[in-house]
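Asks: As input, take structure.cif (mmCIF, C-alpha atoms):
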data_data
#
loop_
_atom_site.label_atom_id
_atom_site.label_comp_id
_atom_site.auth_asym_id
_atom_site.auth_seq_id
_atom_site.Cartn_x
_atom_site.Cartn_y
_atom_site.Cartn_z
CA MET A 1 -21.40 -4.71 21.58
CA ASN A 2 -24.70 -3.90 23.21
CA ASP A 3 -23.55 -0.68 24.77
CA TRP A 4 -24.39 2.62 23.17
CA HIS A 5 -20.72 3.46 22.61
CA SER A 6 -20.50 0.62 20.08
CA TRP A 7 -23.47 1.83 18.07
CA ALA A 8 -22.34 5.44 18.29
CA ALA A 9 -18.90 4.42 17.00
CA ILE A 10 -20.52 2.59 14.08
CA VAL A 11 -22.62 5.68 13.24
CA VAL A 12 -19.54 7.93 13.33
CA PHE A 13 -17.47 5.57 11.17
CA VAL A 14 -20.23 4.94 8.62
CA GLY A 15 -21.02 8.66 8.44
CA ALA A 16 -17.35 9.53 7.92
CA TYR A 17 -17.01 6.80 5.30
CA ALA A 18 -20.06 8.15 3.45
CA LEU A 19 -18.61 11.66 3.45
CA ILE A 20 -15.25 10.39 2.16
CA ILE A 21 -17.07 8.57 -0.65
CA SER A 22 -19.21 11.61 -1.50
CA GLU A 23 -16.12 13.89 -1.54
CA LYS A 24 -18.29 16.84 -0.51
CA ILE A 25 -15.88 17.50 2.36
CA HIS A 26 -12.13 16.95 2.03
CA ARG A 27 -11.15 13.51 3.34
CA VAL A 28 -8.59 14.97 5.77
CA ALA A 29 -11.26 17.12 7.44
CA VAL A 30 -13.60 14.11 7.59
CA ALA A 31 -10.97 11.83 9.12
CA LEU A 32 -9.89 14.35 11.75
CA GLY A 33 -13.52 15.27 12.51
CA GLY A 34 -14.44 11.60 12.82
CA ALA A 35 -11.47 11.03 15.13
CA GLY A 36 -12.57 13.95 17.29
CA LEU A 37 -16.10 12.55 17.54
CA MET A 38 -14.77 9.10 18.51
CA LEU A 39 -12.91 10.77 21.39
CA ALA A 40 -15.87 12.98 22.30
CA ILE A 41 -18.36 10.09 22.59
CA GLY A 42 -15.90 7.99 24.59
CA ALA A 43 -15.53 5.26 21.99
CA THR A 44 -11.80 5.62 22.59
CA ASP A 45 -9.64 7.85 24.76
CA ASP A 46 -6.36 9.72 24.51
CA VAL A 47 -4.33 6.83 25.92
CA SER A 48 -5.74 4.34 23.40
CA ALA A 49 -5.63 6.80 20.52
CA PHE A 50 -2.04 7.93 20.98
CA TYR A 51 -0.27 5.14 22.87
CA SER A 52 -2.01 1.82 22.19
CA GLU A 53 -0.20 -0.63 19.91
CA THR A 54 -3.44 -2.32 18.81
CA SER A 55 -6.11 0.37 18.59
CA GLY A 56 -4.41 3.72 18.29
CA ILE A 57 -2.41 5.70 15.75
CA ASP A 58 0.18 3.42 14.19
CA TRP A 59 3.21 5.66 14.63
CA ASN A 60 5.38 3.14 12.79
CA VAL A 61 3.34 3.81 9.64
CA ILE A 62 3.32 7.59 10.19
CA PHE A 63 7.06 7.89 10.74
CA LEU A 64 7.91 5.39 8.00
CA LEU A 65 5.98 7.60 5.59
CA MET A 66 7.58 10.76 6.91
CA GLY A 67 11.12 9.39 6.66
CA MET A 68 10.67 8.02 3.15
CA MET A 69 8.96 11.22 1.96
CA MET A 70 12.00 13.17 3.14
CA ILE A 71 14.39 10.83 1.30
CA VAL A 72 12.29 11.06 -1.86
CA GLY A 73 12.22 14.86 -1.48
CA VAL A 74 16.03 14.98 -1.58
CA LEU A 75 16.24 12.54 -4.51
CA LYS A 76 13.79 14.71 -6.46
CA LYS A 77 16.34 17.51 -6.49
CA THR A 78 18.98 15.33 -8.19
CA GLY A 79 17.04 14.78 -11.42
CA MET A 80 16.99 11.01 -10.81
CA PHE A 81 13.25 10.68 -11.41
CA GLU A 82 13.48 12.56 -14.72
CA TYR A 83 16.31 10.20 -15.73
CA LEU A 84 14.26 7.12 -14.86
CA ALA A 85 11.18 8.50 -16.62
CA ILE A 86 13.02 9.09 -19.89
CA TRP A 87 14.81 5.74 -19.60
CA ALA A 88 11.55 3.84 -19.05
CA VAL A 89 9.73 5.53 -21.93
CA LYS A 90 12.61 4.93 -24.32
CA ARG A 91 12.87 1.24 -23.37
CA ALA A 92 9.13 0.88 -24.05
CA ARG A 93 9.49 2.69 -27.40
CA ALA A 94 7.06 5.35 -26.08
CA LYS A 95 4.12 2.92 -26.38
CA PRO A 96 1.71 3.77 -23.52
CA PHE A 97 0.62 0.20 -22.70
CA ARG A 98 4.22 -1.05 -22.73
CA VAL A 99 5.16 1.76 -20.35
CA MET A 100 2.31 0.84 -17.99
CA ALA A 101 3.19 -2.86 -18.11
CA MET A 102 6.83 -2.07 -17.35
CA LEU A 103 5.94 0.19 -14.41
CA VAL A 104 3.46 -2.38 -13.04
CA VAL A 105 6.04 -5.18 -13.08
CA ILE A 106 8.77 -2.96 -11.58
CA THR A 107 6.38 -1.82 -8.84
CA ALA A 108 5.34 -5.38 -7.99
CA LEU A 109 8.95 -6.57 -7.79
CA ALA A 110 10.01 -3.58 -5.67
CA SER A 111 7.06 -4.08 -3.31
CA ALA A 112 8.20 -7.63 -2.61
CA LEU A 113 11.51 -6.28 -1.25
CA LEU A 114 10.32 -3.01 0.24
CA ASP A 115 6.99 -2.34 1.89
CA ASN A 116 4.35 -1.21 -0.62
CA VAL A 117 4.11 2.33 0.78
CA THR A 118 7.83 2.95 0.26
CA THR A 119 7.58 1.58 -3.27
CA VAL A 120 4.78 3.90 -4.36
CA LEU A 121 6.58 6.86 -2.81
CA LEU A 122 9.54 6.11 -5.08
CA ILE A 123 7.65 5.13 -8.23
CA ALA A 124 4.93 7.83 -8.23
CA PRO A 125 7.25 10.77 -9.09
CA VAL A 126 8.65 8.78 -12.03
CA THR A 127 5.13 8.01 -13.22
CA LEU A 128 4.01 11.63 -13.07
CA LEU A 129 6.99 12.67 -15.17
CA VAL A 130 6.44 9.82 -17.66
CA CYS A 131 2.82 10.89 -18.15
CA GLU A 132 3.82 14.53 -18.48
CA ARG A 133 6.37 13.64 -21.18
CA MET A 134 3.83 11.49 -23.06
CA ALA A 135 0.87 13.88 -22.53
CA LEU A 136 -1.15 11.10 -20.89
CA PRO A 137 -3.47 11.19 -17.86
CA ALA A 138 -1.55 10.07 -14.78
CA ALA A 139 -4.49 8.57 -12.87
CA PRO A 140 -4.67 5.21 -14.75
CA PHE A 141 -0.93 4.67 -14.34
CA LEU A 142 -0.95 5.55 -10.63
CA ILE A 143 -3.97 3.33 -9.96
CA ALA A 144 -2.36 0.41 -11.80
CA GLU A 145 0.86 0.85 -9.83
CA VAL A 146 -0.71 1.03 -6.39
CA MET A 147 -2.63 -2.16 -7.15
CA ALA A 148 0.61 -3.77 -8.31
CA SER A 149 2.25 -2.69 -5.05
CA ASN A 150 -0.48 -4.32 -2.95
CA ILE A 151 -0.32 -7.52 -5.01
CA GLY A 152 3.49 -7.62 -5.12
CA GLY A 153 3.73 -6.91 -1.39
CA THR A 154 1.72 -10.07 -0.72
CA ALA A 155 4.65 -12.21 -1.89
CA THR A 156 7.04 -11.71 1.03
CA LEU A 157 7.20 -11.21 4.77
CA VAL A 158 8.38 -7.58 4.43
CA GLY A 159 6.20 -6.60 1.46
CA ASP A 160 3.07 -5.60 3.35
CA PRO A 161 2.69 -4.67 7.06
CA PRO A 162 -0.08 -7.28 7.66
CA ASN A 163 2.39 -10.00 6.63
CA ILE A 164 4.80 -8.89 9.35
CA ILE A 165 2.01 -9.14 11.94
CA ILE A 166 1.03 -12.61 10.67
CA ALA A 167 4.64 -13.83 10.59
CA SER A 168 5.23 -12.66 14.14
CA ARG A 169 2.09 -14.33 15.47
CA ALA A 170 2.47 -17.59 13.51
CA GLY A 171 6.26 -17.95 13.69
CA LEU A 172 6.61 -17.86 9.90
CA THR A 173 9.87 -17.10 8.08
CA PHE A 174 10.75 -15.08 4.99
CA ASN A 175 11.16 -18.34 3.05
CA ASP A 176 7.72 -19.56 4.14
CA PHE A 177 6.13 -16.62 2.37
CA LEU A 178 8.26 -17.20 -0.73
CA VAL A 179 7.19 -20.85 -0.94
CA HIS A 180 3.49 -20.38 -0.20
CA LEU A 181 2.56 -17.02 -1.73
CA THR A 182 5.10 -15.96 -4.36
CA PRO A 183 3.95 -18.47 -7.05
CA LEU A 184 0.39 -17.14 -6.84
CA VAL A 185 1.55 -13.51 -6.80
CA ALA A 186 3.50 -14.02 -10.04
CA VAL A 187 0.27 -15.17 -11.71
CA LEU A 188 -1.74 -12.30 -10.19
CA VAL A 189 0.71 -9.69 -11.51
CA ALA A 190 0.33 -11.13 -15.02
CA VAL A 191 -3.46 -11.02 -14.62
CA LEU A 192 -3.25 -7.39 -13.45
CA VAL A 193 -1.30 -6.44 -16.59
CA LEU A 194 -4.02 -8.03 -18.76
CA LEU A 195 -6.76 -6.28 -16.79
CA CYS A 196 -4.98 -2.94 -17.22
CA ARG A 197 -4.96 -3.48 -20.97
CA VAL A 198 -8.76 -3.66 -20.87
CA MET A 199 -9.63 -1.22 -18.05
CA PHE A 200 -7.42 1.65 -19.22
CA ARG A 201 -7.52 1.06 -22.99
CA ARG A 202 -8.85 4.56 -23.69
CA SER A 203 -5.77 6.08 -22.06
CA PHE A 204 -3.29 4.39 -24.41
CA VAL A 205 -3.08 7.16 -27.01
CA TYR A 206 0.10 7.02 -29.06
CA ASP A 207 1.45 10.34 -30.39
CA ASP A 208 4.11 9.89 -33.12
CA ASP A 209 5.55 13.39 -32.80
CA ARG A 210 5.79 13.30 -29.01
CA ALA A 211 7.23 9.79 -29.14
CA ALA A 212 9.93 10.98 -31.55
CA GLU A 213 10.79 13.88 -29.24
CA ILE A 214 11.16 11.55 -26.24
CA MET A 215 13.26 9.02 -28.16
CA ALA A 216 15.64 11.85 -29.10
CA LEU A 217 16.22 12.84 -25.46
CA GLU A 218 19.43 11.94 -23.64
CA GLU A 219 18.48 10.79 -20.14
CA ARG A 220 21.91 11.53 -18.64
CA GLU A 221 21.35 15.23 -19.20
CA ALA A 222 18.50 15.09 -16.67
CA ILE A 223 20.89 14.54 -13.73
CA LYS A 224 21.33 17.94 -12.05
CA ASP A 225 23.48 17.08 -9.02
CA PRO A 226 25.60 13.92 -9.38
CA ARG A 227 27.16 14.26 -5.90
CA LEU A 228 23.77 14.54 -4.20
CA LEU A 229 22.52 11.62 -6.30
CA VAL A 230 25.34 9.38 -5.06
CA GLN A 231 24.66 10.42 -1.47
CA GLY A 232 20.94 9.79 -1.89
CA LEU A 233 21.36 6.37 -3.52
CA VAL A 234 23.85 5.21 -0.86
CA VAL A 235 21.44 6.20 1.92
CA LEU A 236 18.50 4.64 0.07
CA ALA A 237 20.47 1.40 -0.34
CA LEU A 238 21.23 1.38 3.40
CA VAL A 239 17.56 1.96 4.18
CA VAL A 240 16.47 -0.86 1.85
CA ALA A 241 19.05 -3.15 3.48
CA GLY A 242 17.62 -2.20 6.86
CA PHE A 243 14.11 -3.13 5.70
CA VAL A 244 15.22 -6.48 4.28
CA LEU A 245 17.28 -7.32 7.38
CA HIS A 246 14.40 -6.57 9.74
CA PRO A 247 14.18 -10.22 10.93
CA VAL A 248 17.86 -10.02 11.93
CA LEU A 249 18.26 -6.42 13.14
CA HIS A 250 14.78 -6.12 14.70
CA TYR A 251 14.63 -2.40 13.86
CA GLU A 252 11.16 -1.21 12.91
CA PRO A 253 10.92 0.17 9.34
CA SER A 254 9.99 3.57 10.79
CA ILE A 255 13.29 3.75 12.71
CA VAL A 256 15.28 2.75 9.63
CA ALA A 257 13.49 5.36 7.49
CA LEU A 258 14.00 8.17 10.03
CA LEU A 259 17.68 7.31 10.49
CA GLY A 260 18.10 7.34 6.71
CA ALA A 261 16.30 10.67 6.33
CA GLY A 262 18.31 12.26 9.13
CA LEU A 263 21.60 10.98 7.67
CA LEU A 264 20.77 12.22 4.18
CA VAL A 265 19.73 15.68 5.36
CA ALA A 266 22.91 15.91 7.44
CA LEU A 267 25.17 14.85 4.55
CA SER A 268 23.56 16.89 1.80
CA SER A 269 23.51 20.62 1.18
CA VAL A 270 19.72 20.68 0.84
CA GLU A 271 17.98 23.01 3.28
CA THR A 272 15.96 21.21 5.96
CA HIS A 273 12.84 23.29 5.36
CA ASP A 274 12.97 22.39 1.65
CA VAL A 275 13.02 18.69 2.56
CA LEU A 276 10.17 19.05 5.05
CA ALA A 277 8.15 20.90 2.41
CA GLU A 278 8.15 17.66 0.37
CA VAL A 279 6.39 15.73 3.15
CA GLU A 280 2.70 15.02 2.40
CA TRP A 281 1.40 16.41 5.68
CA PRO A 282 -2.31 16.12 4.72
CA THR A 283 -1.78 12.41 4.01
CA LEU A 284 -0.18 11.87 7.42
CA ALA A 285 -3.05 13.75 9.09
CA PHE A 286 -5.58 11.60 7.22
CA PHE A 287 -3.86 8.44 8.42
CA ALA A 288 -3.85 9.67 12.01
CA GLY A 289 -7.57 10.42 11.89
CA LEU A 290 -8.37 7.12 10.18
CA PHE A 291 -6.39 5.14 12.78
CA VAL A 292 -8.25 6.85 15.63
CA MET A 293 -11.63 6.13 14.01
CA ILE A 294 -10.77 2.47 13.49
CA GLY A 295 -9.41 2.40 17.04
CA GLY A 296 -12.85 3.48 18.24
CA LEU A 297 -14.36 0.45 16.50
CA ILE A 298 -11.73 -1.80 18.07
CA ASP A 299 -12.02 -0.39 21.61
CA THR A 300 -15.84 -0.65 21.61
CA GLY A 301 -15.64 -4.26 20.46
CA VAL A 302 -17.14 -3.76 17.00
CA VAL A 303 -14.18 -5.17 15.07
CA GLY A 304 -13.75 -7.98 17.60
CA GLU A 305 -17.43 -8.92 17.26
CA ILE A 306 -17.16 -9.02 13.47
CA SER A 307 -14.02 -11.15 13.72
CA SER A 308 -15.69 -13.49 16.25
CA GLN A 309 -18.72 -13.93 14.02
CA LEU A 310 -16.36 -14.74 11.16
CA ALA A 311 -14.64 -17.29 13.38
CA LYS A 312 -18.00 -18.88 14.28
CA ALA A 313 -18.90 -19.10 10.59
CA ILE A 314 -15.63 -20.92 9.99
CA GLY A 315 -16.29 -23.60 12.61
CA GLY A 316 -14.03 -26.65 12.43
CA SER A 317 -13.88 -27.06 8.66
CA GLU A 318 -10.43 -26.35 7.23
CA LEU A 319 -11.64 -25.93 3.63
CA GLY A 320 -14.74 -23.90 4.47
CA GLY A 321 -12.83 -21.97 7.08
CA SER A 322 -9.97 -21.10 4.75
CA LEU A 323 -12.24 -19.90 1.96
CA THR A 324 -14.48 -17.98 4.38
CA LEU A 325 -11.52 -16.35 6.09
CA LEU A 326 -9.97 -15.37 2.76
CA GLY A 327 -13.19 -13.94 1.32
CA GLY A 328 -14.30 -12.27 4.56
CA SER A 329 -10.90 -10.70 5.08
CA ALA A 330 -10.92 -9.34 1.53
CA VAL A 331 -14.29 -7.65 2.12
CA LEU A 332 -13.39 -6.20 5.52
CA SER A 333 -9.94 -5.02 4.40
CA GLY A 334 -11.58 -3.00 1.65
CA ILE A 335 -13.56 -1.09 4.29
CA VAL A 336 -11.07 -0.65 7.13
CA ASP A 337 -7.32 -0.42 6.76
CA ASN A 338 -5.87 -3.94 6.64
CA ILE A 339 -3.24 -3.28 9.34
CA PRO A 340 -5.61 -2.93 12.35
CA TYR A 341 -7.87 -5.62 10.87
CA VAL A 342 -5.05 -8.19 10.79
CA ALA A 343 -3.85 -7.12 14.23
CA THR A 344 -7.34 -7.91 15.54
CA MET A 345 -7.84 -11.09 13.53
CA ALA A 346 -4.40 -12.66 14.14
CA PRO A 347 -5.10 -13.94 17.69
CA ILE A 348 -8.48 -15.32 16.59
CA THR A 349 -6.79 -17.11 13.68
CA ALA A 350 -4.15 -18.47 16.08
CA ASP A 351 -6.93 -20.03 18.21
CA LEU A 352 -8.54 -21.54 15.11
CA VAL A 353 -5.20 -22.98 13.96
CA HIS A 354 -4.65 -24.46 17.43
CA ASP A 355 -8.10 -26.07 17.37
CA MET A 356 -7.37 -27.57 13.95
CA GLY A 357 -4.06 -29.14 14.92
CA GLY A 358 -1.69 -26.20 15.18
CA ALA A 359 0.58 -27.17 12.25
CA ASP A 360 3.29 -24.70 11.22
CA GLY A 361 2.36 -22.74 8.11
CA HIS A 362 -1.32 -23.69 8.48
CA VAL A 363 -3.50 -22.80 5.49
CA LEU A 364 -5.56 -20.36 7.61
CA TRP A 365 -2.56 -18.04 7.94
CA TRP A 366 -2.15 -17.91 4.16
CA ALA A 367 -5.88 -17.34 3.73
CA LEU A 368 -5.72 -14.39 6.16
CA ALA A 369 -2.68 -12.89 4.41
CA LEU A 370 -4.18 -13.23 0.93
CA GLY A 371 -7.56 -11.84 1.93
CA ALA A 372 -6.16 -8.86 3.83
CA ASP A 373 -3.47 -7.95 1.27
CA LEU A 374 -5.54 -8.40 -1.89
CA GLY A 375 -8.69 -6.93 -0.36
CA GLY A 376 -6.79 -3.70 0.24
CA ASN A 377 -7.15 -2.95 -3.49
CA ALA A 378 -10.95 -2.79 -3.29
CA THR A 379 -11.36 0.85 -2.24
CA ALA A 380 -9.34 4.04 -2.08
CA ILE A 381 -8.79 3.65 1.67
CA GLY A 382 -8.37 -0.14 1.82
CA ALA A 383 -4.57 0.00 2.11
CA SER A 384 -2.01 2.56 3.22
CA ALA A 385 -0.43 2.71 -0.26
CA ASN A 386 -3.78 3.72 -1.77
CA VAL A 387 -4.10 6.72 0.51
CA VAL A 388 -0.50 7.79 -0.15
CA VAL A 389 -0.97 7.71 -3.94
CA LEU A 390 -4.22 9.70 -3.72
CA GLY A 391 -2.35 12.33 -1.70
CA ILE A 392 0.52 12.51 -4.19
CA ALA A 393 -1.90 12.76 -7.12
CA GLU A 394 -3.83 15.58 -5.47
CA ARG A 395 -0.66 17.50 -4.67
CA ASN A 396 0.42 17.28 -8.31
CA ARG A 397 -2.96 18.47 -9.58
CA GLN A 398 -3.88 15.04 -10.94
CA PRO A 399 -6.63 14.20 -8.42
CA ILE A 400 -8.04 10.69 -8.23
CA SER A 401 -11.55 10.49 -6.77
CA PHE A 402 -12.71 7.79 -4.37
CA TRP A 403 -14.99 6.28 -7.01
CA GLN A 404 -12.47 6.56 -9.82
CA PHE A 405 -10.12 4.37 -7.81
CA THR A 406 -12.77 2.07 -6.40
CA LYS A 407 -14.49 1.17 -9.66
CA TYR A 408 -11.22 -0.31 -10.92
CA GLY A 409 -10.23 -1.62 -7.49
CA LEU A 410 -13.38 -3.73 -7.19
CA VAL A 411 -12.69 -5.36 -10.58
CA VAL A 412 -9.08 -6.17 -9.70
CA THR A 413 -10.00 -7.39 -6.22
CA ALA A 414 -12.76 -9.65 -7.54
CA ALA A 415 -10.40 -11.21 -10.10
CA THR A 416 -7.40 -11.65 -7.79
CA VAL A 417 -9.40 -12.90 -4.79
CA SER A 418 -11.23 -15.41 -7.01
CA LEU A 419 -7.89 -16.75 -8.22
CA ALA A 420 -6.59 -16.81 -4.63
CA LEU A 421 -9.62 -18.86 -3.54
CA ALA A 422 -8.97 -21.32 -6.38
CA TYR A 423 -5.27 -21.46 -5.47
CA VAL A 424 -5.96 -22.23 -1.80
CA TRP A 425 -8.45 -24.98 -2.74
CA LEU A 426 -6.10 -26.57 -5.29
CA ARG A 427 -2.83 -26.35 -3.38
CA TYR A 428 -3.95 -27.19 0.15
CA PHE A 429 -6.93 -29.48 -0.44
CA ALA A 430 -7.48 -30.83 -3.98
CA LEU A 431 -3.82 -31.64 -4.66
CA ALA A 432 -2.66 -32.15 -1.06
#
What's the structure tokens form of this structure?

Replies:
Amino acid sequence: MNDWHSWAAIVVFVGAYALIISEKIHRVAVALGGAGLMLAIGATDDVSAFYSETSGIDWNVIFLLMGMMMIVGVLKKTGMFEYLAIWAVKRARAKPFRVMAMLVVITALASALLDNVTTVLLIAPVTLLVCERMALPAAPFLIAEVMASNIGGTATLVGDPPNIIIASRAGLTFNDFLVHLTPLVAVLVAVLVLLCRVMFRRSFVYDDDRAAEIMALEEREAIKDPRLLVQGLVVLALVVAGFVLHPVLHYEPSIVALLGAGLLVALSSVETHDVLAEVEWPTLAFFAGLFVMIGGLIDTGVVGEISSQLAKAIGGSELGGSLTLLGGSAVLSGIVDNIPYVATMAPITADLVHDMGGADGHVLWWALALGADLGGNATAIGASANVVVLGIAERNRQPISFWQFTKYGLVVTAATVSLALAYVWLRYFALA
């Protein structure tokens, strides 16, 4: 890390991060400009940026997003999201906090079965319509949901991409995640609902007249194309099955999503250009730029040096190491996307586990998963789902600023990570 490329990469990344926070230049322009500078200074090269599995653009994420955006674009045309919006509001008796609590729980549960990015792609259109019907600001609801998706995704092997990386490296199964993480996640979702009640209390404005109008609506009338709806739901069910059966089929989620999108476009009467118009291209471009910038930090050894210093701080103490790894991962995952962070940290964690006895399901793996997954809520670019929701909100003229997201994200992250630290201490040390 003594070479000038490392320091230049740090300057580029910090400068880009500062510009994203300031919002003086659009984040897509900043990310692409930062990526260009990383290539120009030699922090990374075209081979690493476009073809490397560890330090380049994660094409699995890009094409997963693209495929699911296309499927959602077709489903939008059926009226399904309007149906779900009216149904949800009516079940909650048009009470804003009840609606938010319902959407948070549904999002968390869905994120445990799907990856969190897919979940927010499906739930965000419903949320926007719910808020439109109730004349409420969409930002608090979208922020609450993306945080629920990151928390809910922590519960299972398929819920969050970092968990897949950890499972592959550590030889962990779907059931291992259920046993070790799901009990804590259930508590964290309940805590999130309580925090939402406090953080967003000013947004829970109940309008009697509007509530009466919504309660009088018949949700079935919202369905515009029943045949297309059936086609869309069948394809979506096949895609979900493909995600869940990943350990058996060994198809990457991106492949499953693209196959589903291609099948649905082929079966339906929707024009291809109309479907492609629903893809959030600026969001995909932002991800590409962000991956290249982080790749520059990885290729110059910056991320590896940080991870090594974290490993040195851990030493041979299981308790101190677990708590340090969890807390350090939470901080770092709020700054860089948690996918490349976990990809870099996984081999270091494997060495630490080996030095401490190499037991299956070692506490360090759970500490890494909890820190990386929960830390992703800290900032607007801490997790892929966060970036996707910001893009959707902007496209629907309900923009969420970096600081608007982050001021709530820091509160939720502090609360959930604190509980995770207590859980690790109690379960693996105090009560072991």

Asks: Starting from the PyMOL selection byres ((chain A and resi 274-279) around 12), expand the selection into actual residues of this file and give them as a PyMOL selection string.

Replies: chain A and resi 62-77+121+125+261-262+264-266+268-273+280-285+388+391-392+395-396

Asks: Using all atoms listed in the file, which residue out of A:Ile223, A:Val244, A:Val185, A:Leu290 lies closest to Ser55 (chain A)?

Replies: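 Smallest separation from Ser55 (chain A) among the options: A:Leu290.
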
Asks: Using only C-alpha atoms, which of A:Ile10, A:Leu233, A:Ala35, A:Val120 sits nearest Ala393 (chain A)?

Replies: A:Val120

Asks: Please report the interatomic distance between CA of Ser203 (chain A) and CA of Met134 (chain A) in Å with one decimal.

Replies: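 Computing it gives 11.1 Å between the two atoms.
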
Asks: Using the chain letters and numbers from this file, what does the PyMOL selection byres ((chain A and resi 168) around 12) select? Give the answer as a PyMOL selection string.

Replies: chain A and resi 157-158+161-167+169-174+246-247+250+342-343+346-347+350+365

Asks: So, with all atoms listed in the file as the atoms that count, which of A:Gly56, A:Ala222, A:Leu249, A:Gly79 lies closest to Gly295 (chain A)?

Replies: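 Checking each candidate against Gly295 (chain A), we get A:Gly56 as the closest.
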
Asks: Within 8 Å of (-2.9, -13.2, 0.3), all atoms listed in the file: residues as a PyMOL selection string?

Replies: chain A and resi 154-155+181+326+366-374+420

Asks: So which residues get picked by the PyMOL selection byres ((chain A and resi 199) around 12) here, written as a PDB file with C-alpha atoms, keeping the file's coordinate frame?

Replies:
ATOM      1  CA  PHE A  97       0.620   0.200 -22.700  1.00  0.00           C
ATOM      2  CA  PRO A 140      -4.670   5.210 -14.750  1.00  0.00           C
ATOM      3  CA  PHE A 141      -0.930   4.670 -14.340  1.00  0.00           C
ATOM      4  CA  ILE A 143      -3.970   3.330  -9.960  1.00  0.00           C
ATOM      5  CA  ALA A 144      -2.360   0.410 -11.800  1.00  0.00           C
ATOM      6  CA  LEU A 192      -3.250  -7.390 -13.450  1.00  0.00           C
ATOM      7  CA  VAL A 193      -1.300  -6.440 -16.590  1.00  0.00           C
ATOM      8  CA  LEU A 194      -4.020  -8.030 -18.760  1.00  0.00           C
ATOM      9  CA  LEU A 195      -6.760  -6.280 -16.790  1.00  0.00           C
ATOM     10  CA  CYS A 196      -4.980  -2.940 -17.220  1.00  0.00           C
ATOM     11  CA  ARG A 197      -4.960  -3.480 -20.970  1.00  0.00           C
ATOM     12  CA  VAL A 198      -8.760  -3.660 -20.870  1.00  0.00           C
ATOM     13  CA  PHE A 200      -7.420   1.650 -19.220  1.00  0.00           C
ATOM     14  CA  ARG A 201      -7.520   1.060 -22.990  1.00  0.00           C
ATOM     15  CA  ARG A 202      -8.850   4.560 -23.690  1.00  0.00           C
ATOM     16  CA  SER A 203      -5.770   6.080 -22.060  1.00  0.00           C
ATOM     17  CA  PHE A 204      -3.290   4.390 -24.410  1.00  0.00           C
ATOM     18  CA  GLN A 404     -12.470   6.560  -9.820  1.00  0.00           C
ATOM     19  CA  PHE A 405     -10.120   4.370  -7.810  1.00  0.00           C
ATOM     20  CA  LYS A 407     -14.490   1.170  -9.660  1.00  0.00           C
ATOM     21  CA  TYR A 408     -11.220  -0.310 -10.920  1.00  0.00           C
ATOM     22  CA  GLY A 409     -10.230  -1.620  -7.490  1.00  0.00           C
ATOM     23  CA  LEU A 410     -13.380  -3.730  -7.190  1.00  0.00           C
ATOM     24  CA  VAL A 411     -12.690  -5.360 -10.580  1.00  0.00           C
ATOM     25  CA  VAL A 412      -9.080  -6.170  -9.700  1.00  0.00           C
TER      26      VAL A 412
END

Asks: Could you check the closest approach to Ala211 (chain A) for each of A:Phe291, A:Ala135, A:Phe402, A:Asp299 and tell me which residue wins, using all atoms listed in the file?

Replies: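 Once distances to Ala211 (chain A) are computed over all atoms listed in the file, the minimum belongs to A:Ala135.
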
Asks: Applying 7 Å and all atoms listed in the file, which residues near Glu145 (chain A) remain after dropping the ones on its own chain fewer than 6 positions away? List them as a PDB file with C-alpha atoms, in the frame of the given file.

Replies:
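Done, and the output landed in selection-v1.pdb:
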ATOM      1  CA  LEU A 103       5.940   0.190 -14.410  1.00  0.00           C
ATOM      2  CA  VAL A 104       3.460  -2.380 -13.040  1.00  0.00           C
ATOM      3  CA  THR A 107       6.380  -1.820  -8.840  1.00  0.00           C
TER       4      THR A 107
END

Asks: Hey, which of A:Leu310, A:Met80, A:Leu188, A:Leu228 ends up closest to Leu332 (chain A)? Count all atoms listed in the file.

Replies: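 Counting all atoms listed in the file, the residue closest to Leu332 (chain A) is A:Leu310.
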
Asks: I'd like to know which of A:Ile106, A:Ile298, A:Ala311, A:Leu128 is closest to Phe13 (chain A), using all atoms listed in the file.

Replies: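 Using all atoms listed in the file, Phe13 (chain A) sits closest to A:Ile298.
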
Asks: Extract, using all atoms listed in the file, all DNA, RNA and protein residues at most 7 Å from region 376-386 of chain A, discarding same-chain residues fewer than 4 positions from it, and format them as an MDAnalysis selection string.

Replies: chainID A and resid 116:117 120 146:147 150 333:338 372 390 402 405:406 409:410 413

Asks: I'd like the neighbourhood of Leu217 (chain A) as a count of residues only, where a residue qualifies if any of its atoms comes within 9 Å (using all atoms listed in the file), though same-chain residues fewer than 4 positions away should be ignored.

Replies: 5

Asks: CA of Pro96 (chain A) and CA of Cys131 (chain A), how far apart in Å?

Replies: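 If I compute the distance from CA of Cys131 (chain A) to CA of Pro96 (chain A), I get 9.0 Å.
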